>>> print(open('work-v2.txt').read())   # compact mmCIF, C-alpha atoms
# COMPACT_ATOMS: atom_id res chain seq x y z
CA MET A 20 27.51 -82.64 25.91
CA LYS A 21 26.01 -79.30 26.85
CA LEU A 22 23.64 -78.46 29.71
CA ILE A 23 21.25 -75.49 29.67
CA ILE A 24 19.55 -74.87 33.00
CA ALA A 25 16.70 -72.45 33.59
CA GLN A 26 15.90 -71.10 37.01
CA GLY A 27 12.32 -70.99 38.23
CA ASN A 28 9.72 -72.60 40.45
CA PRO A 29 7.85 -75.70 39.24
CA ASP A 30 4.33 -75.16 40.63
CA SER A 31 1.63 -73.72 38.38
CA GLN A 32 1.02 -70.67 40.58
CA TYR A 33 4.52 -69.45 39.61
CA HIS A 34 4.04 -69.96 35.87
CA ASP A 35 3.91 -66.31 34.74
CA THR A 36 5.96 -64.78 37.55
CA ARG A 37 9.09 -62.71 37.12
CA HIS A 38 11.17 -65.32 38.95
CA ASN A 39 10.20 -67.86 36.27
CA VAL A 40 11.52 -65.92 33.31
CA GLY A 41 14.27 -68.57 32.93
CA PHE A 42 11.65 -71.32 32.63
CA HIS A 43 9.66 -69.13 30.24
CA MET A 44 12.64 -68.66 27.90
CA LEU A 45 13.70 -72.31 28.00
CA ASN A 46 10.13 -73.51 27.37
CA ALA A 47 9.98 -71.28 24.29
CA PHE A 48 13.38 -72.53 23.12
CA ALA A 49 12.36 -76.19 23.63
CA GLU A 50 9.23 -75.56 21.57
CA SER A 51 11.28 -73.88 18.82
CA VAL A 52 13.52 -76.94 18.44
CA GLY A 53 10.61 -79.39 18.75
CA VAL A 54 11.46 -81.19 21.98
CA SER A 55 9.23 -81.99 24.93
CA TRP A 56 9.85 -82.28 28.65
CA ALA A 57 10.10 -85.49 30.67
CA GLU A 58 10.23 -85.58 34.45
CA LYS A 59 13.48 -87.12 35.72
CA PRO A 60 13.07 -87.63 39.49
CA LYS A 61 16.67 -88.80 40.01
CA PHE A 62 17.83 -85.39 38.75
CA ARG A 63 14.98 -83.51 40.45
CA ALA A 64 14.21 -81.87 37.13
CA TYR A 65 12.26 -81.82 33.92
CA VAL A 66 14.65 -82.57 31.07
CA ALA A 67 14.34 -82.22 27.30
CA GLU A 68 17.03 -83.69 25.06
CA TYR A 69 18.05 -82.85 21.54
CA THR A 70 21.08 -82.99 19.31
CA TYR A 71 22.84 -79.94 17.95
CA SER A 72 25.64 -80.52 15.42
CA ASP A 73 26.07 -84.12 16.62
CA GLU A 74 26.32 -83.04 20.27
CA LYS A 75 23.76 -84.00 22.88
CA VAL A 76 22.13 -81.02 24.63
CA LEU A 77 20.09 -81.27 27.83
CA LEU A 78 17.56 -78.55 28.58
CA VAL A 79 16.78 -78.57 32.31
CA LYS A 80 14.09 -77.08 34.54
CA PRO A 81 14.87 -78.11 38.15
CA THR A 82 11.96 -79.12 40.39
CA THR A 83 13.97 -78.17 43.49
CA TYR A 84 12.54 -74.64 43.49
CA TYR A 85 14.56 -71.62 42.56
CA ASN A 86 16.73 -71.35 45.65
CA ASP A 87 18.02 -74.96 45.44
CA THR A 88 18.78 -75.32 41.71
CA GLY A 89 22.36 -76.29 42.50
CA VAL A 90 21.17 -79.67 43.85
CA SER A 91 19.66 -80.64 40.49
CA ALA A 92 22.58 -79.22 38.52
CA ARG A 93 25.15 -81.14 40.58
CA ALA A 94 23.26 -84.43 40.07
CA LEU A 95 23.24 -83.91 36.30
CA LEU A 96 26.91 -82.90 36.09
CA ASP A 97 27.98 -85.90 38.17
CA PHE A 98 25.87 -88.41 36.22
CA TYR A 99 26.80 -87.17 32.74
CA LYS A 100 30.37 -86.08 33.63
CA ILE A 101 29.75 -82.57 32.29
CA ASN A 102 32.32 -79.84 32.84
CA THR A 103 31.00 -76.54 34.25
CA THR A 104 32.34 -74.76 31.15
CA ASP A 105 29.63 -76.64 29.22
CA VAL A 106 26.83 -75.25 31.40
CA LEU A 107 24.62 -72.27 30.58
CA VAL A 108 22.15 -70.91 33.16
CA ILE A 109 19.23 -68.65 32.24
CA HIS A 110 17.84 -66.60 35.12
CA ASP A 111 16.07 -63.39 36.08
CA ASP A 112 17.93 -60.37 37.37
CA ILE A 113 16.10 -57.75 39.44
CA ALA A 114 19.02 -55.32 39.02
CA LEU A 115 18.53 -55.12 35.23
CA PRO A 116 15.62 -53.28 33.58
CA LEU A 117 12.98 -55.41 31.86
CA GLY A 118 14.11 -56.13 28.31
CA THR A 119 17.82 -56.11 29.16
CA ILE A 120 19.84 -59.27 28.61
CA ARG A 121 23.37 -59.60 29.94
CA THR A 122 25.70 -62.56 29.40
CA ARG A 123 28.59 -63.53 31.64
CA ASP A 124 31.22 -66.30 31.68
CA LYS A 125 31.16 -66.59 35.47
CA GLY A 126 30.66 -64.51 38.56
CA SER A 127 29.30 -63.97 42.02
CA ASP A 128 25.70 -64.54 43.08
CA ALA A 129 24.97 -60.78 43.51
CA GLY A 130 22.35 -61.68 46.13
CA ASN A 131 20.48 -64.15 43.88
CA ASN A 132 19.74 -67.24 46.01
CA GLY A 133 19.42 -69.53 43.00
CA ILE A 134 22.85 -68.50 41.74
CA LYS A 135 24.14 -68.82 45.30
CA SER A 136 22.95 -72.46 45.28
CA LEU A 137 24.54 -73.11 41.88
CA ASN A 138 27.82 -71.54 42.99
CA ALA A 139 27.82 -73.64 46.17
CA HIS A 140 27.31 -76.87 44.19
CA LEU A 141 29.23 -76.12 40.98
CA GLY A 142 31.60 -73.26 41.65
CA ALA A 143 31.21 -70.00 39.75
CA ASP A 144 32.70 -71.01 36.38
CA TYR A 145 29.58 -71.53 34.25
CA LYS A 146 28.00 -69.27 31.67
CA ARG A 147 24.96 -67.13 32.44
CA VAL A 148 22.18 -65.34 30.65
CA ARG A 149 20.75 -62.71 32.98
CA VAL A 150 17.28 -61.51 31.93
CA GLY A 151 16.26 -58.16 33.39
CA ILE A 152 12.92 -58.04 35.21
CA TRP A 153 13.16 -54.68 37.00
CA THR A 154 10.36 -52.17 36.51
CA GLU A 155 9.39 -49.14 38.60
CA LEU A 156 7.02 -51.45 40.48
CA ALA A 157 10.08 -53.09 42.06
CA ASP A 158 10.84 -49.89 43.92
CA ARG A 159 7.38 -49.93 45.53
CA MET A 160 7.35 -53.59 46.60
CA GLU A 161 9.35 -55.92 48.83
CA ALA A 162 11.80 -57.85 46.60
CA THR A 163 10.29 -61.31 47.23
CA ALA A 164 6.78 -60.07 46.47
CA PHE A 165 8.04 -58.41 43.28
CA VAL A 166 9.88 -61.44 41.86
CA LEU A 167 6.85 -63.63 42.63
CA SER A 168 4.42 -61.20 40.98
CA LYS A 169 3.11 -61.88 37.50
CA PHE A 170 4.11 -60.05 34.36
CA THR A 171 1.54 -57.68 32.85
CA LYS A 172 0.35 -58.23 29.27
CA ASP A 173 2.66 -55.43 28.05
CA GLU A 174 5.60 -56.97 29.91
CA GLN A 175 4.81 -60.39 28.44
CA LYS A 176 5.05 -58.81 24.98
CA ILE A 177 8.56 -57.58 25.85
CA LEU A 178 9.51 -61.13 26.85
CA THR A 179 8.23 -62.41 23.52
CA ASP A 180 10.22 -59.71 21.72
CA ILE A 181 13.51 -60.70 23.40
CA ARG A 182 13.16 -64.43 22.73
CA PRO A 183 15.08 -64.32 19.41
CA THR A 184 18.04 -62.70 21.20
CA ILE A 185 17.96 -65.42 23.89
CA PHE A 186 17.78 -68.10 21.19
CA ASP A 187 20.79 -66.54 19.41
CA ILE A 188 22.76 -66.53 22.68
CA ILE A 189 21.90 -70.21 23.22
CA GLU A 190 23.07 -71.03 19.70
CA ASP A 191 26.30 -69.09 20.28
CA PHE A 192 26.85 -71.14 23.44
CA LEU A 193 26.25 -74.39 21.56
CA CYS A 194 28.65 -73.32 18.78
CA GLU A 195 31.35 -72.31 21.28
CA HIS A 196 30.94 -68.63 20.29
CA PHE A 197 29.51 -67.40 23.61
CA THR A 198 30.61 -63.87 24.46
CA THR A 199 29.93 -61.55 27.35
CA THR A 200 27.72 -58.69 26.30
CA SER A 201 24.60 -56.66 27.05
CA HIS A 202 21.45 -56.34 24.95
CA LYS A 203 18.75 -53.77 25.58
CA THR A 204 15.32 -53.96 24.03
CA ILE A 205 13.83 -50.57 23.14
CA LEU A 206 10.73 -50.18 25.31
>>> encode(input="work-v2.txt", output="structure tokens")
Amino acid sequence: MKLIIAQGNPDSQYHDTRHNVGFHMLNAFAESVGVSWAEKPKFRAYVAEYTYSDEKVLLVKPTTYYNDTGVSARALLDFYKINTTDVLVIHDDIALPLGTIRTRDKGSDAGNNGIKSLNAHLGADYKRVRVGIWTELADRMEATAFVLSKFTKDEQKILTDIRPTIFDIIEDFLCEHFTTTSHKTIL
């Protein structure tokens, strides 16, 4: 069994914010494979299930809010007996320019409170897809205000353009071909 967790905030006012880019990508992926979300209160998450090459895959959007995603992840790993090596997390990264995607096998939280929560509950040995959200606007705003700001129409187009790369990375993860790399969209 594989677990793909997106980081974000569940309330509608956060829908198009930079901090919800993980939810955005996982929603698009769920739609592409034809699955829908069901609220699972015992896991404090919305979960969509599908089968890939005879293996069950859980797509997860925690309802714990971004900074406590480790609580939901731990509940799912304990219930389904999933190893952290079978976990992929998709999240925003303010240190990477918008359109940049970086994959990692494990690592520190680098100041990201959601990753800090996951590391506290799971350890650091899970795979990550870091989606860059930095723009010049980030240098003129307080970090919290920036990550909770909404993407512009032009920035939303960039997110749409990088979806196929995210989907390929997810498929590589599911096929056990996940590698650490960087992708940069030409802006």
>>> closest_residue(input="work-v2.txt", among="A:Lys176, A:His196, A:Lys169, A:Lys203", to="Gln32 of chain A", atoms="only C-alpha atoms")
A:Lys169
>>> closest_residue(input="work-v2.txt", among="A:Tyr33, A:Phe192, A:Phe165, A:Tyr85", to="Ala64 of chain A", atoms="all atoms listed in the file")
A:Tyr85
>>> atom_distance(input="work-v2.txt", atom1="atom CA of Ile101 of chain A", atom2="atom CA of Leu22 of chain A")
7.8 Å
>>> residues_around(input="work-v2.txt", residues="Tyr71 of chain A", least_positions_apart="5", cutoff="10 Å", atoms="all atoms listed in the file", output="compact mmCIF listing (two decimals) with C-alpha atoms, in the coordinates of the input")
# COMPACT_ATOMS: atom_id res chain seq x y z
CA MET A 20 27.51 -82.64 25.91
CA LYS A 21 26.01 -79.30 26.85
CA VAL A 52 13.52 -76.94 18.44
CA VAL A 76 22.13 -81.02 24.63
CA GLU A 190 23.07 -71.03 19.70
CA LEU A 193 26.25 -74.39 21.56
CA CYS A 194 28.65 -73.32 18.78
>>> closest_residue(input="work-v2.txt", among="A:Thr184, A:Thr83, A:Ser55, A:Thr103", to="Asp30 of chain A", atoms="all atoms listed in the file")
A:Thr83
